[in-house]
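So this block is final.txt, compact mmCIF, C-alpha atoms:
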# COMPACT_ATOMS: atom_id res chain seq x y z
CA MET F 1 195.99 78.07 154.34
CA ALA F 2 197.20 74.77 152.97
CA ASP F 3 200.42 74.76 150.98
CA PRO F 4 199.25 75.56 147.39
CA PRO F 5 201.71 73.24 145.57
CA THR F 6 200.79 70.37 147.90
CA ARG F 7 197.08 71.09 147.48
CA LEU F 8 197.49 71.22 143.70
CA ASP F 9 199.27 67.84 143.75
CA GLU F 10 196.43 66.35 145.82
CA MET F 11 193.83 67.52 143.30
CA LEU F 12 195.89 66.24 140.36
CA VAL F 13 196.37 62.83 141.96
CA ARG F 14 192.62 62.55 142.56
CA LEU F 15 191.69 63.55 139.01
CA LYS F 16 194.28 61.22 137.47
CA ALA F 17 193.14 58.33 139.68
CA MET F 18 189.60 58.89 138.41
CA LYS F 19 190.94 58.92 134.80
CA PHE F 20 190.09 62.57 134.10
CA ARG F 21 192.23 64.37 131.54
CA ILE F 22 194.44 67.19 132.74
CA THR F 23 194.14 69.80 130.01
CA PRO F 24 196.12 73.05 130.21
CA GLN F 25 192.88 74.91 130.99
CA ARG F 26 191.92 72.44 133.72
CA LEU F 27 195.40 72.73 135.22
CA ALA F 28 195.06 76.55 135.25
CA ILE F 29 191.73 76.24 137.09
CA LEU F 30 193.25 73.87 139.64
CA LYS F 31 196.18 76.23 140.24
CA ILE F 32 193.82 79.15 140.88
CA LEU F 33 191.68 77.15 143.30
CA ALA F 34 194.66 75.63 145.12
CA SER F 35 196.29 79.00 145.73
CA SER F 36 193.33 81.37 146.20
CA GLU F 37 192.80 82.86 149.61
CA ASP F 38 189.85 84.96 148.46
CA HIS F 39 187.39 82.18 147.51
CA PRO F 40 186.80 83.14 143.87
CA SER F 41 183.55 82.89 141.95
CA VAL F 42 183.40 80.92 138.69
CA GLU F 43 183.33 84.24 136.85
CA ARG F 44 186.51 85.39 138.59
CA ILE F 45 188.26 82.10 137.79
CA TYR F 46 187.12 82.52 134.18
CA GLU F 47 188.64 86.00 133.96
CA GLN F 48 191.97 84.71 135.28
CA VAL F 49 192.07 81.66 132.99
CA LYS F 50 191.16 83.78 129.94
CA GLU F 51 194.37 85.77 130.41
CA ASN F 52 196.39 82.75 129.23
CA PHE F 53 193.74 80.76 127.36
CA ALA F 54 191.62 83.26 125.45
CA THR F 55 189.37 80.62 123.85
CA THR F 56 188.34 79.03 127.14
CA SER F 57 184.59 79.16 127.70
CA LEU F 58 182.73 79.93 130.89
CA ALA F 59 181.10 76.50 130.51
CA THR F 60 184.53 74.85 130.77
CA ILE F 61 185.15 76.60 134.07
CA TYR F 62 181.71 75.63 135.41
CA LYS F 63 182.14 72.00 134.38
CA THR F 64 185.56 71.74 136.00
CA VAL F 65 184.47 73.42 139.22
CA MET F 66 181.35 71.20 139.44
CA LEU F 67 183.51 68.11 138.85
CA LEU F 68 185.84 69.19 141.66
CA LYS F 69 182.84 69.82 143.89
CA GLN F 70 181.50 66.31 143.21
CA LEU F 71 184.92 64.85 144.05
CA HIS F 72 185.00 66.91 147.29
CA GLU F 73 188.09 68.74 146.07
CA VAL F 74 186.46 72.16 146.31
CA LEU F 75 184.10 73.64 148.88
CA GLU F 76 181.15 75.63 147.51
CA LEU F 77 179.95 78.58 149.55
CA GLY F 78 176.46 79.63 148.51
CA PHE F 79 174.98 82.94 149.60
CA PRO F 80 171.37 84.22 149.86
CA ASP F 81 171.84 86.52 146.85
CA GLY F 82 172.38 83.43 144.68
CA SER F 83 176.12 83.87 144.31
CA ASN F 84 178.60 81.07 144.90
CA ARG F 85 182.26 81.22 145.80
CA TYR F 86 184.72 78.33 145.89
CA ASP F 87 187.50 77.20 148.20
CA GLY F 88 189.90 74.72 146.64
CA ASN F 89 192.61 75.29 149.20
CA LYS F 90 190.57 74.02 152.16
CA PRO F 91 187.79 71.85 150.67
CA TYR F 92 186.31 70.84 154.00
CA PRO F 93 183.97 72.59 156.45
CA HIS F 94 185.70 75.45 158.26
CA PRO F 95 184.70 78.93 159.48
CA HIS F 96 184.63 81.95 157.18
CA ILE F 97 184.39 85.69 157.79
CA VAL F 98 182.54 87.65 155.10
CA CYS F 99 182.67 91.42 154.69
CA ILE F 100 179.15 92.75 154.10
CA LYS F 101 180.55 95.76 152.22
CA CYS F 102 183.13 94.36 149.76
CA ASN F 103 182.24 90.63 149.97
CA GLN F 104 185.80 89.64 150.86
CA ILE F 105 185.91 86.17 152.41
CA MET F 106 188.69 84.97 154.66
CA ASP F 107 189.41 81.89 156.72
CA PRO F 108 189.99 82.88 160.34
CA ASP F 109 192.44 80.72 162.26
CA LEU F 110 190.07 79.70 165.06
CA GLY F 111 190.07 76.85 167.51
CA SER F 112 188.56 73.59 166.43
CA THR F 113 184.89 73.57 165.53
CA ALA F 114 184.82 69.84 166.30
CA LYS F 115 183.63 70.53 169.86
CA LEU F 116 180.79 72.68 168.56
CA VAL F 117 179.73 69.97 166.08
CA GLU F 118 179.90 67.34 168.82
CA GLU F 119 177.84 69.50 171.18
CA ALA F 120 175.20 70.13 168.50
CA ALA F 121 174.93 66.38 167.88
CA GLN F 122 174.68 65.54 171.57
CA LYS F 123 172.06 68.18 172.34
CA THR F 124 169.84 67.44 169.33
CA GLY F 125 170.34 63.75 168.66
CA TYR F 126 171.23 64.56 165.06
CA LYS F 127 173.99 62.74 163.20
CA ILE F 128 175.84 65.78 161.84
CA MET F 129 176.82 65.14 158.22
CA ASP F 130 178.17 68.57 157.34
CA HIS F 131 178.27 72.07 158.76
CA ARG F 132 178.95 75.66 157.84
CA LEU F 133 179.96 78.51 160.11
CA ASP F 134 180.06 82.03 158.68
CA PHE F 135 180.64 85.31 160.45
CA PHE F 136 179.49 88.53 158.77
CA GLY F 137 180.96 91.94 159.47
CA ILE F 138 182.93 94.83 158.01
CA CYS F 139 186.58 94.20 157.15
CA PRO F 140 189.33 96.56 158.35
CA LYS F 141 189.79 98.03 154.85
CA CYS F 142 186.09 98.94 154.57
CA GLN F 143 186.07 100.28 158.13
CA LYS F 144 188.78 102.77 157.14
CA LYS F 145 186.60 103.99 154.26
CA GLU F 146 183.70 104.82 156.58
For this file, produce the structure as structure tokens.
Amino acid sequence: MADPPTRLDEMLVRLKAMKFRITPQRLAILKILASSEDHPSVERIYEQVKENFATTSLATIYKTVMLLKQLHEVLELGFPDGSNRYDGNKPYPHPHIVCIKCNQIMDPDLGSTAKLVEEAAQKTGYKIMDHRLDFFGICPKCQKKE
């Protein structure tokens, strides 16, 4: 996991450089995304922001997250059920492990995927522009429940 204060500063610098306002609500969203290890959904971010800013709308959260996505400051993880989760701490392609029972997502500390990307490009002739590597299983907490 990247250092949350450093990651927050990186996002703030980028937004300020692009002349976007840093409202208290937007700052709260950035803090959540910079420090979250659990890859929150927009709805989860909304619930957390509402604790301190009761009048914040879900639309505000969506707009901010989509802006960050466009600026490549957040990584969107889409799933077949139509749900999306967001990683603002590591906004670049990296492996994830997803629990099929509780939907927890974590970033495993694995060796570089660069070799895998390079091999895929060499064997197929494709110019790899992006990639996603997800592992699905049952987390230790859910295993104990079984």
Stretch 20-70 of chain F residues near stretch 90-107 of chain F within 10 Å, closest pair each, using all atoms listed in the file, as CSV:
residue,atom,partner,partner_atom,distance
F:Leu33,CA,F:Lys90,CA,9.5
F:Ala34,CA,F:Lys90,CA,8.3
F:Ser35,CA,F:Lys90,CA,9.9
F:Ser36,CA,F:Lys90,CA,9.9
F:Glu37,CA,F:Met106,CA,6.8
F:Asp38,CA,F:Ile105,CA,5.7
F:His39,CA,F:Ile105,CA,6.5
F:Pro40,CA,F:Ile105,CA,9.1
F:Leu68,CA,F:Pro91,CA,9.6
F:Lys69,CA,F:Pro91,CA,8.6
Using all atoms listed in the file, which residues sit within 7 Å of F:Arg85 once same-chain residues fewer than 2 positions away are excluded, as a ChimeraX atom specification? /F:39-41,76-78,83
Could you list, as a list in words, every residue within 12 Å of F:Lys31, counting only C-alpha atoms and ignoring same-chain residues fewer than 2 positions away?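 Counting only the stated atoms, we get Asp3, Pro4, Pro5, Thr6, Arg7, Leu8, Asp9, Glu10, Met11, Leu12, Ile22, Pro24, Gln25, Arg26, Leu27, Ala28, Ile29, Leu33, Ala34, Ser35, Ser36, Glu37, Ile45, Gln48, Val49, Asp87, Gly88 and Asn89 of chain F.
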For the atom pair atom CA of F:Tyr86 and atom CA of F:Thr56, what is the interatomic distance in Å to one decimal place? 19.1 Å
Extract, using all atoms listed in the file, all DNA, RNA and protein residues at most 12 Å from F:Glu47, discarding same-chain residues fewer than 3 positions from it, and format them as a ChimeraX atom specification. /F:28-29,32,40-44,50-58,61
Record the distance separating atom CA of F:Val13 and atom CA of F:Ala59, expressed in Å with one decimal.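 Atom-to-atom, atom CA of F:Val13 and atom CA of F:Ala59 are spaced 23.5 Å apart.
Here atom CA of F:Thr113 stands at a distance of 9.9 Å from atom CA of F:Arg132.
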Since the input has fewer atoms than a full residue there, write stretch 38-51 of chain F out with N, CA and C atoms, as a short mmCIF file (atom, residue, chain, number, x, y, z; two decimals), in the frame of the given file.
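What ended up in result16.cif:
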data_model
loop_
_atom_site.label_atom_id
_atom_site.label_comp_id
_atom_site.auth_asym_id
_atom_site.auth_seq_id
_atom_site.Cartn_x
_atom_site.Cartn_y
_atom_site.Cartn_z
N ASP F 38 191.04 84.11 148.49
CA ASP F 38 189.85 84.96 148.46
C ASP F 38 188.57 84.27 148.00
N HIS F 39 188.59 82.94 147.84
CA HIS F 39 187.39 82.18 147.51
C HIS F 39 186.72 82.75 146.26
N PRO F 40 187.32 82.53 145.09
CA PRO F 40 186.80 83.14 143.87
C PRO F 40 185.48 82.56 143.39
N SER F 41 184.76 83.35 142.64
CA SER F 41 183.55 82.89 141.95
C SER F 41 184.00 82.23 140.64
N VAL F 42 183.09 81.52 139.99
CA VAL F 42 183.40 80.92 138.69
C VAL F 42 183.77 82.02 137.69
N GLU F 43 183.06 83.13 137.76
CA GLU F 43 183.33 84.24 136.85
C GLU F 43 184.74 84.80 137.06
N ARG F 44 185.16 84.88 138.30
CA ARG F 44 186.51 85.39 138.59
C ARG F 44 187.57 84.41 138.09
N ILE F 45 187.33 83.12 138.30
CA ILE F 45 188.26 82.10 137.79
C ILE F 45 188.34 82.22 136.27
N TYR F 46 187.19 82.38 135.63
CA TYR F 46 187.12 82.52 134.18
C TYR F 46 187.98 83.69 133.69
N GLU F 47 187.86 84.82 134.35
CA GLU F 47 188.64 86.00 133.96
C GLU F 47 190.14 85.72 134.06
N GLN F 48 190.55 85.02 135.11
CA GLN F 48 191.97 84.71 135.28
C GLN F 48 192.45 83.70 134.24
N VAL F 49 191.67 82.68 133.96
CA VAL F 49 192.07 81.66 132.99
C VAL F 49 192.13 82.26 131.59
N LYS F 50 191.20 83.15 131.27
CA LYS F 50 191.16 83.78 129.94
C LYS F 50 192.43 84.56 129.62
N GLU F 51 193.13 85.03 130.65
CA GLU F 51 194.37 85.77 130.41
C GLU F 51 195.39 84.94 129.64
#
